[in-house]
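With PDB, C-alpha atoms and all ligand atoms inside, this is input.pdb:
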ATOM      1  CA  MET A   1      -2.839 -20.961  -3.639
ATOM      2  CA  GLN A   2      -1.293 -18.133  -5.627
ATOM      3  CA  SER A   3       0.596 -19.237  -8.703
ATOM      4  CA  ARG A   4       4.167 -18.122  -9.237
ATOM      5  CA  PHE A   5       3.096 -15.759 -12.046
ATOM      6  CA  GLU A   6       0.283 -14.345  -9.950
ATOM      7  CA  LYS A   7       2.868 -13.481  -7.275
ATOM      8  CA  ILE A   8       5.221 -11.898  -9.826
ATOM      9  CA  LYS A   9       2.358  -9.856 -11.247
ATOM     10  CA  LEU A  10       1.560  -8.483  -7.803
ATOM     11  CA  LEU A  11       5.268  -7.793  -7.168
ATOM     12  CA  ALA A  12       5.322  -5.721 -10.364
ATOM     13  CA  TYR A  13       2.170  -3.780  -9.388
ATOM     14  CA  ARG A  14       3.503  -3.156  -5.882
ATOM     15  CA  GLU A  15       6.703  -1.801  -7.397
ATOM     16  CA  LEU A  16       4.807   0.353  -9.858
ATOM     17  CA  ILE A  17       2.725   1.862  -7.047
ATOM     18  CA  ASP A  18       5.816   2.472  -4.916
ATOM     19  CA  VAL A  19       8.050   3.941  -7.603
ATOM     20  CA  GLY A  20       6.371   7.340  -7.365
ATOM     21  CA  CYS A  21       5.455   7.864 -11.003
ATOM     22  CA  SER A  22       1.826   8.111 -12.040
ATOM     23  CA  THR A  23       2.238   8.938 -15.713
ATOM     24  CA  LEU A  24       3.512   5.634 -17.116
ATOM     25  CA  GLN A  25       6.639   7.522 -18.207
ATOM     26  CA  ILE A  26       8.917   5.274 -16.178
ATOM     27  CA  THR A  27      12.554   5.534 -17.075
ATOM     28  CA  GLU A  28      15.710   3.787 -15.968
ATOM     29  CA  HIS A  29      16.364   6.865 -13.827
ATOM     30  CA  HIS A  30      13.620   6.180 -11.300
ATOM     31  CA  ASP A  31      14.571   4.882  -7.857
ATOM     32  CA  PHE A  32      14.096   1.203  -7.136
ATOM     33  CA  TYR A  33      14.696  -0.543  -3.822
ATOM     34  CA  PHE A  34      15.116  -4.100  -2.642
ATOM     35  CA  GLU A  35      14.880  -4.975   1.046
ATOM     36  CA  GLY A  36      15.385  -1.323   1.934
ATOM     37  CA  LYS A  37      18.456  -0.902  -0.231
ATOM     38  CA  LYS A  38      18.549   1.325  -3.273
ATOM     39  CA  ILE A  39      19.360  -0.515  -6.469
ATOM     40  CA  ILE A  40      22.144   1.301  -8.288
ATOM     41  CA  ILE A  41      21.327   1.639 -11.968
ATOM     42  CA  THR A  42      24.022   2.726 -14.356
ATOM     43  CA  SER A  43      25.350   1.957 -17.810
ATOM     44  CA  LEU A  44      27.700  -0.906 -18.596
ATOM     45  CA  GLN A  45      29.995   1.682 -20.152
ATOM     46  CA  ASN A  46      30.110   3.757 -16.962
ATOM     47  CA  TYR A  47      30.727   0.707 -14.797
ATOM     48  CA  ALA A  48      33.506  -0.480 -17.142
ATOM     49  CA  LEU A  49      35.153   2.914 -16.881
ATOM     50  CA  LEU A  50      34.841   3.168 -13.088
ATOM     51  CA  THR A  51      36.124  -0.337 -12.436
ATOM     52  CA  ASN A  52      38.682  -0.289 -15.232
ATOM     53  CA  THR A  53      37.192  -3.457 -16.662
ATOM     54  CA  PRO A  54      37.151  -4.030 -20.437
ATOM     55  CA  ILE A  55      33.545  -4.052 -21.602
ATOM     56  CA  GLU A  56      34.109  -7.341 -23.475
ATOM     57  CA  GLN A  57      35.055  -8.970 -20.175
ATOM     58  CA  LEU A  58      32.028  -7.516 -18.464
ATOM     59  CA  THR A  59      29.605  -8.747 -21.121
ATOM     60  CA  LEU A  60      31.420 -12.089 -21.613
ATOM     61  CA  ASN A  61      32.330 -11.090 -25.157
ATOM     62  CA  GLY A  62      28.878  -9.760 -25.906
ATOM     63  CA  SER A  63      26.842 -12.639 -24.431
ATOM     64  CA  TYR A  64      25.271 -10.195 -21.954
ATOM     65  CA  ASP A  65      25.263  -7.234 -24.268
ATOM     66  CA  ASP A  66      21.899  -5.809 -23.135
ATOM     67  CA  GLY A  67      22.571  -5.614 -19.438
ATOM     68  CA  MET A  68      22.882  -7.528 -16.208
ATOM     69  CA  CYS A  69      22.394  -7.378 -12.465
ATOM     70  CA  ILE A  70      25.290  -7.793 -10.096
ATOM     71  CA  LYS A  71      25.321  -8.365  -6.367
ATOM     72  CA  GLY A  72      28.500  -6.799  -5.039
ATOM     73  CA  LEU A  73      30.286  -6.489  -1.733
ATOM     74  CA  ARG A  74      28.103  -5.645   1.277
ATOM     75  CA  ASP A  75      25.108  -6.766  -0.804
ATOM     76  CA  ILE A  76      25.287  -3.764  -3.099
ATOM     77  CA  LEU A  77      22.824  -4.305  -5.945
ATOM     78  CA  LEU A  78      23.752  -3.065  -9.359
ATOM     79  CA  VAL A  79      21.744  -3.057 -12.554
ATOM     80  CA  LEU A  80      23.746  -2.325 -15.675
ATOM     81  CA  TYR A  81      22.319  -1.469 -19.078
ATOM     82  CA  ASN A  82      23.926  -0.849 -22.428
ATOM     83  CA  ARG A  83      23.592   2.858 -23.173
ATOM     84  CA  ASN A  84      24.073   2.209 -26.892
ATOM     85  CA  LYS A  85      20.726   0.419 -27.150
ATOM     86  CA  ILE A  86      17.571   2.362 -27.994
ATOM     87  CA  HIS A  87      15.644   3.800 -25.059
ATOM     88  CA  ARG A  88      12.769   1.309 -25.324
ATOM     89  CA  ARG A  89      15.152  -1.616 -25.080
ATOM     90  CA  ARG A  90      17.215  -0.073 -22.274
ATOM     91  CA  ARG A  91      14.072   0.497 -20.262
ATOM     92  CA  PHE A  92      12.881  -3.067 -20.718
ATOM     93  CA  THR A  93      16.339  -4.428 -19.833
ATOM     94  CA  VAL A  94      16.462  -2.411 -16.600
ATOM     95  CA  LEU A  95      13.017  -3.665 -15.575
ATOM     96  CA  HIS A  96      13.932  -7.209 -16.580
ATOM     97  CA  GLU A  97      17.000  -7.075 -14.324
ATOM     98  CA  ILE A  98      14.973  -5.548 -11.495
ATOM     99  CA  GLY A  99      12.579  -8.438 -12.024
ATOM    100  CA  HIS A 100      15.425 -10.887 -11.365
ATOM    101  CA  ILE A 101      16.226  -9.056  -8.123
ATOM    102  CA  LYS A 102      12.608  -8.800  -6.960
ATOM    103  CA  CYS A 103      11.926 -12.456  -7.750
ATOM    104  CA  ASN A 104      14.999 -13.386  -5.730
ATOM    105  CA  HIS A 105      16.511 -15.355  -8.581
ATOM    106  CA  LYS A 106      19.710 -17.209  -7.798
ATOM    107  CA  GLN A 107      20.512 -18.241 -11.341
ATOM    108  CA  HIS A 108      19.818 -17.326 -14.960
ATOM    109  CA  GLY A 109      17.882 -20.346 -16.172
ATOM    110  CA  LYS A 110      15.137 -20.430 -18.785
ATOM    111  CA  GLN A 111      12.374 -20.173 -16.163
ATOM    112  CA  GLU A 112      14.080 -17.205 -14.497
ATOM    113  CA  GLU A 113      14.309 -15.428 -17.847
ATOM    114  CA  ILE A 114      10.598 -15.942 -18.505
ATOM    115  CA  GLU A 115       9.750 -14.667 -15.026
ATOM    116  CA  ALA A 116      11.947 -11.554 -15.340
ATOM    117  CA  CYS A 117      10.381 -10.742 -18.719
ATOM    118  CA  PHE A 118       6.926 -11.240 -17.253
ATOM    119  CA  PHE A 119       7.769  -8.839 -14.403
ATOM    120  CA  ALA A 120       9.034  -6.173 -16.849
ATOM    121  CA  SER A 121       5.990  -6.595 -19.064
ATOM    122  CA  GLU A 122       3.509  -6.303 -16.168
ATOM    123  CA  PHE A 123       5.388  -3.294 -14.830
ATOM    124  CA  LEU A 124       5.599  -1.409 -18.123
ATOM    125  CA  ALA A 125       2.206  -2.391 -19.540
ATOM    126  CA  PRO A 126       0.080  -3.519 -16.569
ATOM    127  CA  THR A 127      -2.810  -5.780 -17.532
ATOM    128  CA  PRO A 128      -5.426  -4.040 -15.304
ATOM    129  CA  LEU A 129      -4.710  -0.683 -16.972
ATOM    130  CA  LEU A 130      -4.886  -2.223 -20.443
ATOM    131  CA  LEU A 131      -8.215  -3.861 -19.622
ATOM    132  CA  GLU A 132      -9.516  -0.539 -18.327
ATOM    133  CA  ILE A 133      -8.413   1.221 -21.533
ATOM    134  CA  LYS A 134      -9.997  -1.536 -23.598
ATOM    135  CA  GLN A 135     -13.214  -1.075 -21.681
ATOM    136  CA  ARG A 136     -13.140   2.582 -22.675
ATOM    137  CA  GLY A 137     -13.332   1.466 -26.298
ATOM    138  CA  TYR A 138      -9.744   1.635 -27.447
ATOM    139  CA  GLU A 139      -8.344  -1.105 -29.588
ATOM    140  CA  ILE A 140      -5.278  -2.631 -27.962
ATOM    141  CA  ASN A 141      -2.896  -3.784 -30.662
ATOM    142  CA  THR A 142       0.850  -3.882 -31.234
ATOM    143  CA  ALA A 143       1.032  -0.291 -32.492
ATOM    144  CA  PHE A 144      -0.994   0.929 -29.512
ATOM    145  CA  LEU A 145       1.265  -0.829 -27.019
ATOM    146  CA  THR A 146       4.496   0.369 -28.588
ATOM    147  CA  GLU A 147       3.254   3.941 -28.866
ATOM    148  CA  HIS A 148       1.617   4.381 -25.482
ATOM    149  CA  PHE A 149       3.551   1.957 -23.311
ATOM    150  CA  GLY A 150       6.939   2.165 -24.993
ATOM    151  CA  ILE A 151       7.507  -1.577 -25.206
ATOM    152  CA  SER A 152       9.080  -3.316 -28.196
ATOM    153  CA  ILE A 153       7.055  -4.967 -30.965
ATOM    154  CA  GLN A 154       8.211  -8.344 -29.690
ATOM    155  CA  ALA A 155       7.152  -7.554 -26.110
ATOM    156  CA  ALA A 156       3.859  -6.127 -27.404
ATOM    157  CA  GLU A 157       3.076  -9.311 -29.338
ATOM    158  CA  LYS A 158       3.690 -11.405 -26.235
ATOM    159  CA  LYS A 159       1.523  -9.045 -24.218
ATOM    160  CA  LEU A 160      -1.374  -9.371 -26.663
ATOM    161  CA  LYS A 161      -1.260 -13.157 -26.420
ATOM    162  CA  GLN A 162      -1.160 -12.856 -22.675
ATOM    163  CA  LEU A 163      -4.123 -10.453 -22.666
ATOM    164  CA  GLU A 164      -6.202 -13.030 -24.518
ATOM    165  CA  SER A 165      -5.629 -15.602 -21.835
ATOM    166  CA  THR A 166      -5.202 -13.591 -18.661
ATOM    167  CA  TYR A 167      -7.931 -13.584 -16.115
ATOM    168  CA  THR A 168      -7.363 -10.598 -13.901
ATOM    169  CA  LYS A 169      -8.527 -10.877 -10.354
ATOM    170  CA  ASN A 170     -10.015  -7.790  -8.880
ATOM    171  CA  SER A 171      -7.438  -7.665  -6.094
ATOM    172  CA  LYS A 172      -6.928  -4.709  -3.784
ATOM    173  CA  LEU A 173      -3.577  -3.998  -5.364
ATOM    174  CA  GLU A 174      -5.069  -3.877  -8.849
ATOM    175  CA  GLN A 175      -7.683  -1.402  -7.612
ATOM    176  CA  GLU A 176      -4.904   0.677  -6.056
ATOM    177  CA  LEU A 177      -3.100   0.680  -9.386
ATOM    178  CA  LEU A 178      -6.206   1.918 -11.208
ATOM    179  CA  VAL A 179      -6.661   4.703  -8.655
ATOM    180  CA  LYS A 180      -3.025   5.748  -8.965
ATOM    181  CA  PHE A 181      -3.142   5.994 -12.753
ATOM    182  CA  LYS A 182      -6.723   7.290 -13.047
ATOM    183  CA  ASP A 183      -5.698  10.869 -13.889
ATOM    184  CA  CYS A 184      -3.170   9.651 -16.418
ATOM    185  CA  LEU A 185      -5.741   7.360 -18.060
ATOM    186  CA  ASP A 186      -8.406  10.082 -18.048
ATOM    187  CA  GLU A 187      -6.008  12.444 -19.739
ATOM    188  CA  LYS A 188      -4.663  10.042 -22.326
ATOM    189  CA  PHE A 189      -7.726   7.899 -22.940
ATOM    190  CA  PRO A 190     -10.696  10.031 -21.973
ATOM    191  CA  LEU A 191     -14.383   9.592 -22.402
ATOM    192  CA  THR A 192     -16.270  12.526 -23.919
ATOM    193  CA  ILE A 193     -19.951  12.898 -23.045
ATOM    194  CA  HIS A 194     -21.946  14.776 -25.693
ATOM    195  CA  SER A 195     -25.145  16.767 -25.360
ATOM    196  CA  ASP A 196     -27.121  13.960 -27.056
ATOM    197  CA  ASN A 197     -26.009  11.632 -24.245
ATOM    198  CA  THR A 198     -23.585   9.609 -26.326
ATOM    199  CA  ILE A 199     -20.078   8.968 -25.154
ATOM    200  CA  SER A 200     -17.134   8.948 -27.495
ATOM    201  CA  TYR A 201     -13.401   9.006 -27.136
ATOM    202  CA  SER A 202     -10.978  11.832 -27.493
ATOM    203  CA  PRO A 203      -9.756  12.486 -31.025
ATOM    204  CA  TYR A 204      -6.262  12.287 -29.514
ATOM    205  CA  VAL A 205      -6.440   8.556 -30.125
ATOM    206  CA  PRO A 206      -8.937   7.957 -32.905
ATOM    207  CA  SER A 207     -11.385   5.199 -32.158
ATOM    208  CA  ARG A 208     -13.672   3.699 -34.758
ATOM    209  CA  PHE A 209     -16.483   3.321 -32.288
ATOM    210  CA  SER A 210     -18.144   5.209 -29.541
ATOM    211  CA  LEU A 211     -20.169   3.842 -26.692
ATOM    212  CA  GLN A 212     -23.857   4.670 -26.572
ATOM    213  CA  ASN A 213     -24.503   5.947 -23.115
ATOM    214  CA  ASN A 214     -27.664   4.153 -22.019
ATOM    215  CA  THR A 215     -27.459   0.916 -23.932
ATOM    216  CA  GLY A 216     -23.800   0.123 -23.464
ATOM    217  CA  LYS A 217     -23.644  -0.753 -27.173
ATOM    218  CA  TYR A 218     -20.907   0.427 -29.462
ATOM    219  CA  ILE A 219     -21.948   2.646 -32.343
ATOM    220  CA  GLU A 220     -19.945   4.204 -35.176
ATOM    221  CA  ALA A 221     -18.209   7.284 -33.849
ATOM    222  CA  THR A 222     -19.472  10.665 -34.962
ATOM    223  CA  ALA A 223     -17.534  13.890 -34.830
ATOM    224  CA  PRO A 224     -17.508  15.199 -31.271
ATOM    225  CA  LYS A 225     -19.899  18.074 -30.734
ATOM    226  CA  PRO A 226     -18.653  21.251 -29.152
TER     227      PRO A 226
HETATM  228 ZN    ZN B 301      17.686 -12.131 -17.473
END
Would you kindly transcribe this structure into structure tokens?
Ligand SMILES: [Zn+2]
Amino acid sequence: MQSRFEKIKLLAYRELIDVGCSTLQITEHHDFYFEGKKIIITSLQNYALLTNTPIEQLTLNGSYDDGMCIKGLRDILLVLYNRNKIHRRRRFTVLHEIGHIKCNHKQHGKQEEIEACFFASEFLAPTPLLLEIKQRGYEINTAFLTEHFGISIQAAEKKLKQLESTYTKNSKLEQELLVKFKDCLDEKFPLTIHSDNTISYSPYVPSRFSLQNNTGKYIEATAPKP
């Protein structure tokens, strides 16, 4: 039987495949849907202005300062984010709230919070892509995750712990994800094959090692030959 987190992971990958972006540059301005309905994403500030609601009231005096999801009349789904937060945080908040919607959460308990964070983390930095990049010889660390996947240091640290313990099944959806982002991965994290049959990695992201073609062993990287 699939575990709850396994299901959430697949929900995140499904969403990532459906969202129509293959460059990992997902923003809060992409279109998200739930049960055929578009999720309206806007800032807390805009919503406060439109509904003439004081922002303090909306955020319960700052308790929900980052953002929230609201189910309105006629099942309208709203995700609100605080436009005064830095982009990285805004993005994570939006995906966290979408996670609540996709997981069909009815309350904001501790478990629901963990699940929504897990959804956002798998959406923004999907484990199968990270494992693929790792296989190409790149070192996945906090700096790498914040730079290339735009997640916070805190989220990156959690992700690293998770990467140590996650066993990724080779599901059809995970394969689909790798196909969708292949061009993006090849461009950002390419392999370079040299005339002496060694493979190294683009100087775009310096790697200490290169992979020796025939043996599969890692050797100290040498300067790429023309
Ligand atoms: Zn939440």
- Task: Mind checking which residues fall within 9 Å of Ser43 of chain A, counting only C-alpha atoms, ignoring those fewer than 6 positions away in the same chain, and posting them as a list in words?
- Result: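 So the residues in contact are Gly67, Val79, Leu80, Tyr81, Asn82 and Arg83 of chain A.
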Selection to disk with C-alpha atoms, as a JSON list (two decimals), in the coordinates of the input:
[["chain", "number", "residue", "atom", "x", "y", "z"],
["A", 67, "GLY", "CA", 22.57, -5.61, -19.44],
["A", 79, "VAL", "CA", 21.74, -3.06, -12.55],
["A", 80, "LEU", "CA", 23.75, -2.33, -15.68],
["A", 81, "TYR", "CA", 22.32, -1.47, -19.08],
["A", 82, "ASN", "CA", 23.93, -0.85, -22.43],
["A", 83, "ARG", "CA", 23.59, 2.86, -23.17]]
- Message: Show me which residues are within 10 Å of ligand ZN 301 (chain B) counting only C-alpha atoms and all ligand atoms, and format the list as a PyMOL selection string.
- Response: chain A and resi 64+66-69+93-101+105+107-117
Would you place a box with edges along x, y and z of the file around all atoms of segment 32-43 of chain A listed there, add 5 Å to each of its six sides, and report the centre and edge lengths in Å to one decimal, as AutoDock Vina command-line options?
--center_x 19.7 --center_y -1.1 --center_z -7.9 --size_x 21.3 --size_y 17.7 --size_z 29.7
- Message: Given the PyMOL selection byres (((chain A and resi 19) around 8) and not hetatm) and the file above, list the residues it selects as a ChimeraX atom specification.
- Response: /A:15-18,20-21,30-32
- Rank A:Glu174, A:Glu157, A:Glu147, A:Glu164 by their smallest atom-to-atom distance to Pro128 of chain A, using all atoms listed in the file, and report the top residue only. A:Glu174
- Determine the residue set returned by the PyMOL selection byres (((chain A and resi 184) around 12) and not hetatm) for the present structure, and present it as a ChimeraX atom specification. /A:21-25,129,133,148,177-183,185-190
- For the atom pair atom CA of Thr53 of chain A and atom CA of Ala120 of chain A, what is the interatomic distance in Å to one decimal place?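 Going from atom CA of Thr53 of chain A over to atom CA of Ala120 of chain A covers 28.3 Å.
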- atom CA of Arg90 of chain A to atom CA of His29 of chain A, straight-line distance in Å: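 Computing the Euclidean distance for atom CA of His29 of chain A and atom CA of Arg90 of chain A yields 11.0 Å.
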- Note on the structure: atom CA of Ile86 of chain A sits from atom CA of Ser152 of chain A at a separation of 10.2 Å
- A:Lys9, A:Glu132, A:Leu160, A:Phe119: which is nearest Phe144 of chain A, counting all atoms listed in the file?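 Ranked by minimum distance to Phe144 of chain A, first place goes to A:Leu160.
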- Message: For this structure, which residues satisfy the selection - the PyMOL selection byres (((chain A and resi 173) around 8) and not hetatm) - when it is evaluated on the file as given? I want them as number ranges by chain.
- Response: A: 10, 13-14, 171-172, 174-177
- So which one's closest to Ala156 of chain A, A:Thr127, A:Thr59, A:Gln135, A:Thr42? Using all atoms listed in the file, please.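 The answer is A:Thr127, which sits nearest to Ala156 of chain A.
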- Restricting the calculation to all atoms listed in the file, which member of A:Ile40, A:Ala48, A:Leu130, A:Ile151 is positioned closest to Asp75 of chain A? A:Ile40
- Which is closest to Ile8 of chain A among A:Leu124, A:Leu131, A:Cys103, A:Leu50, if we use only C-alpha atoms?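 Comparing A:Leu124, A:Leu131, A:Cys103, A:Leu50 against Ile8 of chain A, the winner is A:Cys103.
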- So which residues touch Ile39 of chain A within 6 Å, counting all atoms listed in the file, skipping near sequence neighbours fewer than 2 positions away, as a list of chain:residue names? A:Phe32, A:Tyr33, A:Leu77, A:Leu78
